[in-house]
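Undergrad: The structure that follows is given in the form of structure tokens.
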Amino acid sequence: MKKNTFLIYGANGYTAELIAREACNRGLKPILAGRSASRVEPLAKELGLPYRIFALDDQEALATALREVNVVMHGAGPFIDTAGQMVEACISTGTHYLDINGDISCFEIVKKYGEAAAHAGIMLLPGTGFDVVPTDCLALKLKKQMPDASKLRIAFASLGSSLSHGTATTMAGKLGEGGACRINGKIVRRPLGEHGMTVDFGSKKRFVMSIPWGDISTAYHSTGIPDIETFTAVPPKTHRILKAQWLFNWALRTEMVRGLIRKKINSRPAGPDPNARANGKSLVWAEVTNNKGVQAIARLEGPEGYEMTVRASLLIVEKVLAGDWKAGYQTPSSAYGEGLIGEVKGVRFL
């Protein structure tokens with residue numbers, strides 16, 4: 001019989017470790033798991049938590065671990081390589097699947113398992129953190145305000161923070177591949193930074209450029225809006241440089257260049273330090289337009305991105321453990337409504 005608890009796989013990763021530590025602060029007792037005993041075991045012993053050591057391709061060990069719990073929080077990237085194995089194991093063992101992924105391709109992969117998950121009576125909900133809880137909730141909020149919306153634009157800015165090794169490494173693995181948007185309901189590959197504009201986030205104005213954010217997948221599932229474009233804040237100089245990226249994409253796709261970048265990433269701190277997480281901010285802006293040109297805008301301000309991920313992820317874990325979930329593939333807002341983001345401590349609408 002399953003225990004009413006959850007497992008964190010990839011607990012040695014930067015974000016997953018933060019989730020594990022905050023879970024303990026909330027009185028939760030997750031099982032920590034991962035491939036590396038030298039990294040998972042010390043954390044588990046420090047926190048007084050049980051742990052399991054196994055690789056995802058060890059199907060027997062994976063299934064045994066999942067049969068102990070109701071929910072898995074999958075934190076081991078690159079998710080494009082690991083999510084499918086974990087999802088299949090969750091379906092076979094009747095375990096709810098959550099992850100902290102933000103990759104469009106991975107969302108699309110997990111979505112393909114939706115029918116099988118519904119039949120198994122479990123929920124698949126990827127993207128429980130900053131990728132993509134706040135943006136997904138704003139998208140649904142605006143869709144309800146404007147049911148005939150045909151275009152959605154989403155932008156975000158991070159103030160006083162930086163990327164973790166895992167996120168930066170995933171991004172490095174996609175160098176040279178360009179961007180993406182959704183047009184007429186289809187995901188279309190477009191140049192990275194194809195469009196740029198200045199956005200009023202409410203408390204600040206920032207220049208943003210188009211990027212392939214997870215909402216290209218998830219917001220379409222949540223709202224059905226056929227045209228979706230996503231943006232992030234960057235210095236205008238960075239945008240000008242990236243506009244010419246097509247000239248050297250071939251080089252960025254080589255393993256030599258990606259290897260050099262990964263080496264540079266690994267020489268930096270694992271992620272934002274506690275001071276940056278405590279004092280950083282995340283800003284989100286969303287706009288919908290209908291075929292008549294009428295627009296509606298929503299904005300919010302929240303904690304620093306990794307703090308947002310920890311708080312939102314554990315909020316969702318607690319809901320699932322309490323029996324609050326929907327079977328099949330879900331996004332944050334399709335499972336819990338646009339008001340979910342308002343339950344995250346430190347979030348306010350502008």
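The chains in the structure tokens are called A, B, ... from first to last as shown; in each chain the residues are counted from 1, and the ligands are counted from 1 in the order shown.
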What lies within 7 Å of Thr135 in chain A using only C-alpha atoms, ignoring chain neighbours under 3 positions off, as a compact mmCIF listing (two decimals) with N, CA and C atoms, in the first residue's frame?
TA:
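selection.txt written:
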```txt
# COMPACT_ATOMS: atom_id res chain seq x y z
N VAL A 132 5.65 26.78 -15.27
CA VAL A 132 5.00 27.88 -15.91
C VAL A 132 3.81 28.39 -15.10
N LEU A 138 -1.99 33.53 -15.52
CA LEU A 138 -2.37 34.81 -16.15
C LEU A 138 -3.04 34.56 -17.50
N ALA A 139 -2.56 33.58 -18.24
CA ALA A 139 -3.15 33.28 -19.54
C ALA A 139 -4.62 32.89 -19.39
N ILE A 154 2.98 36.81 -23.74
CA ILE A 154 3.39 36.70 -22.33
C ILE A 154 4.85 37.13 -22.23
N VAL A 284 5.67 39.41 -14.25
CA VAL A 284 5.00 38.74 -15.36
C VAL A 284 3.92 39.65 -15.94
```
Undergrad: What's the 9 Å shell around Gly224 in chain A, counting only C-alpha atoms, without same-chain residues fewer than 6 positions away, as a ChimeraX atom specification?
TA: /A:143,150,185
Undergrad: Would you output that residue set with C-alpha atoms, as a PDB file, in the first residue's frame?
TA:
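Below is the file that was written, part.pdb:
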```
ATOM      1  CA  LYS A 143      -8.977  34.046 -21.535  1.00  0.00           C
ATOM      2  CA  SER A 150      -7.194  34.996 -30.677  1.00  0.00           C
ATOM      3  CA  GLY A 185      -2.697  26.415 -33.227  1.00  0.00           C
TER       4      GLY A 185
END
```
Undergrad: Give me the residues within 10 Å of Thr93 in chain A as an mmCIF file with C-alpha atoms, in the first residue's frame, counting only C-alpha atoms and dropping any in the same chain fewer than 3 places off.
TA:
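That gives us result23.cif:
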```cif
data_model
loop_
_atom_site.group_PDB
_atom_site.id
_atom_site.type_symbol
_atom_site.label_atom_id
_atom_site.label_comp_id
_atom_site.auth_asym_id
_atom_site.auth_seq_id
_atom_site.Cartn_x
_atom_site.Cartn_y
_atom_site.Cartn_z
ATOM 1 C CA LEU A 62 12.254 2.808 -10.150
ATOM 2 C CA ALA A 63 8.944 0.945 -9.932
ATOM 3 C CA THR A 64 9.721 -0.251 -6.405
ATOM 4 C CA ALA A 65 10.407 3.315 -5.254
ATOM 5 C CA LEU A 66 7.277 4.713 -6.884
ATOM 6 C CA ARG A 67 5.068 2.074 -5.268
ATOM 7 C CA GLU A 68 6.012 3.595 -1.905
ATOM 8 C CA VAL A 69 4.556 7.019 -2.676
ATOM 9 C CA ASN A 70 1.534 8.806 -4.122
ATOM 10 C CA VAL A 87 6.085 9.207 -16.796
ATOM 11 C CA GLU A 88 5.877 5.623 -18.079
ATOM 12 C CA ALA A 89 6.862 4.309 -14.651
ATOM 13 C CA CYS A 90 4.273 6.545 -12.987
ATOM 14 C CA HIS A 96 0.994 11.096 -9.869
ATOM 15 C CA ALA A 120 -4.516 4.776 -14.945
ATOM 16 C CA ILE A 122 -3.318 9.591 -12.214
#
```
Undergrad: Quick one: contact table of range 280-348 of chain A to range 190-201 of chain A, 7 Å max, nearest atom pair and distance in Å to one decimal per residue, counting only C-alpha atoms, chain and number order, as CSV?
TA:
```
residue,atom,partner,partner_atom,distance
A:Leu283,CA,A:Phe201,CA,6.4
A:Val284,CA,A:Phe201,CA,6.7
A:Trp285,CA,A:Phe201,CA,5.8
A:Arg299,CA,A:Phe201,CA,6.4
```
Undergrad: Determine which residues of range 103-216 of chain A receive a DSSP assignment of strand (DSSP E), computed from the backbone, and state them as a ChimeraX atom specification.
TA: /A:123-125,149-159,179-183,186-190,196-200,205-211
Undergrad: Find the residue from A:Met123, A:Ile183, A:Val110, A:Leu49 that sits nearest to Phe79 in chain A; use only C-alpha atoms when measuring.
TA: A:Val110
Undergrad: Just list the residues in range 273-349 of chain A DSSP gives helix (DSSP H, G or I) on the backbone, as a ChimeraX atom specification.
TA: /A:274-279,305-321,332-336,338-343
Undergrad: Using only C-alpha atoms, find the one residue out of A:Leu18, A:Leu315, A:Ile228, A:Ile211 that sits nearest to Arg277 in chain A.
TA: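 The closest residue to Arg277 in chain A is A:Leu18.
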Undergrad: Using only C-alpha atoms, which residues sit within 12 Å of Leu159 in chain A once same-chain residues fewer than 3 positions away are excluded, as a ChimeraX atom specification?
TA: /A:156,162-163,201,203-206,232-234,272,276-284,301-306
